Amino acid sequence: MLHHYNTVKGYGEHEINIERSRFITYVNRVESEEEAQEFIAAIKKKHSDANHNCSAYMIGENNLIQKANDDGEPSGTAGVPMLEVLKKRDLKDTVVVVTRYFGGIKLGAGGLIRAYGRATSEGLNAAGIVERKLMRIMKSTIDYTWLGKVENEVRSSHYQLKDIHYLEAVEVEVYVEEAKKSAFNEWMTELTNGQADIREGDVEYLETPVETNP
C-alpha cells in the first residue's frame, strides 16, 4: 500500500463553452479498469447524441493502467491531453470523460488540445482533489471524567480525531502517523495522568482536501 497519494474526492461534473462548443466534463474515482469502462459507457449512453465522448483514466499504485480515447476527434487532440493532465497532477484511480457538442466553429488541433486539457483541469477542480495518507488508528479508552479535556486537546492538536465511542468507558479514536505512535502514546499518557488504556487499531487512509488553482 502506498504511504500517500492524490486522487479525486469522488464524482463531479463541470461545463465550459469554447467557440460555441459545449465541453461537459465528468470525473469519478475508480479502483479498476472495469469500473472506469463502466463509467465511460454510462456517460456515452447519457450523451449518445453528442459529437464526441472522449475519455482518459489512470489506475493503480504505479499508474500501470493508463488509457486515452479520442472518440472521433483528430488523433492525439483529446484523450491524450486529458491523460496528460492526470499524469501532471499524478492523480491515481481517476477517470475523466469530456463530452463535446460541436458548435459549428472548428478549433484546430492546437485549439482542441487546449480545450480538452482545460475541460479536464476544471472538471477535476470541480470534483475536488484529496490526499490519501496511510495512518494508524490509535484507540484510547478513558473514564467519562476525562472526555471533555481529551476531546478538546485532540481537536486543538495536530492529530486528527476519527471517532468517539460512548460505551461503559469512552473510546477515542485518533489518526496517527506510524512514525509518531510513540509520541502519541506519551502525549496521551501525560494528558490523562496515565489513566488512558492506549491500543493500536487498524491502518486506514485519511483523506484531506488539496487546494487547487481555480
# chains A, B, ... in the order shown; residues from 1 in each chain; ligands from 1
$ residues_around --residues "region 180-185 of chain A" --least-positions-apart "2" --cutoff "10 Å" --atoms "only C-alpha atoms" --output "number ranges by chain"
A: 135-138, 140, 159, 174-178, 187-191, 194, 196-200
$ residues_around --residues "Val80 (chain A)" --least-positions-apart "2" --cutoff "10 Å" --atoms "only C-alpha atoms" --output "ChimeraX atom specification"
/A:54-56,67-70,75-78,82-86,113,116-117
$ residues_around --residues "region 33-39 of chain A" --least-positions-apart "6" --cutoff "8 Å" --atoms "only C-alpha atoms" --output "list in words"
Tyr57, Ile59, Ile65 and Val95 of chain A
$ residues_around --residues "Asp163 (chain A)" --least-positions-apart "4" --cutoff "9 Å" --atoms "only C-alpha atoms" --output "short mmCIF file (atom, residue, chain, number, x, y, z; two decimals) with all heavy atoms, in the first residue's frame"
data_model
loop_
_atom_site.label_atom_id
_atom_site.label_comp_id
_atom_site.auth_asym_id
_atom_site.auth_seq_id
_atom_site.Cartn_x
_atom_site.Cartn_y
_atom_site.Cartn_z
N GLU A 171 -14.20 5.47 24.32
CA GLU A 171 -13.09 5.12 23.45
C GLU A 171 -12.91 6.21 22.41
O GLU A 171 -13.82 6.48 21.62
CB GLU A 171 -13.34 3.78 22.75
CG GLU A 171 -12.16 3.31 21.91
CD GLU A 171 -12.40 1.97 21.26
OE1 GLU A 171 -13.14 1.94 20.25
OE2 GLU A 171 -11.87 0.97 21.76
N VAL A 172 -11.75 6.83 22.42
CA VAL A 172 -11.43 7.92 21.50
C VAL A 172 -10.48 7.39 20.43
O VAL A 172 -9.40 6.87 20.75
CB VAL A 172 -10.79 9.11 22.24
CG1 VAL A 172 -10.46 10.23 21.26
CG2 VAL A 172 -11.71 9.62 23.34
N GLU A 173 -10.87 7.49 19.17
CA GLU A 173 -10.05 7.01 18.06
C GLU A 173 -9.40 8.20 17.35
O GLU A 173 -10.08 9.16 16.99
CB GLU A 173 -10.88 6.21 17.06
CG GLU A 173 -11.44 4.92 17.63
CD GLU A 173 -12.17 4.10 16.59
OE1 GLU A 173 -12.65 4.68 15.60
OE2 GLU A 173 -12.29 2.88 16.80
N VAL A 174 -8.09 8.10 17.16
CA VAL A 174 -7.33 9.20 16.57
C VAL A 174 -6.42 8.67 15.46
O VAL A 174 -5.82 7.60 15.60
CB VAL A 174 -6.45 9.90 17.65
CG1 VAL A 174 -5.63 11.03 17.04
CG2 VAL A 174 -7.33 10.44 18.78
#
$ closest_residue --among "A:Ser32, A:Lys9, A:Ile18, A:Thr192" --to "Glu153 (chain A)" --atoms "only C-alpha atoms"
A:Thr192
$ residues_around --residues "Arg132 (chain A)" --least-positions-apart "6" --cutoff "8 Å" --atoms "only C-alpha atoms" --output "ChimeraX atom specification"
/A:4-7,205-208
$ write_last_selection --atoms "C-alpha atoms" --output "compact mmCIF listing (two decimals), in the first residue's frame"
# COMPACT_ATOMS: atom_id res chain seq x y z
CA HIS A 4 0.23 8.58 0.43
CA TYR A 5 -1.18 9.57 -2.96
CA ASN A 6 -3.59 12.03 -4.55
CA THR A 7 -6.90 11.22 -6.22
CA TYR A 205 -6.26 6.05 4.68
CA LEU A 206 -7.07 9.53 5.95
CA GLU A 207 -8.36 11.88 3.25
CA THR A 208 -7.62 15.59 3.37
$ atom_distance --atom1 "CA of Leu91 (chain A)" --atom2 "CA of Leu112 (chain A)"
22.3 Å
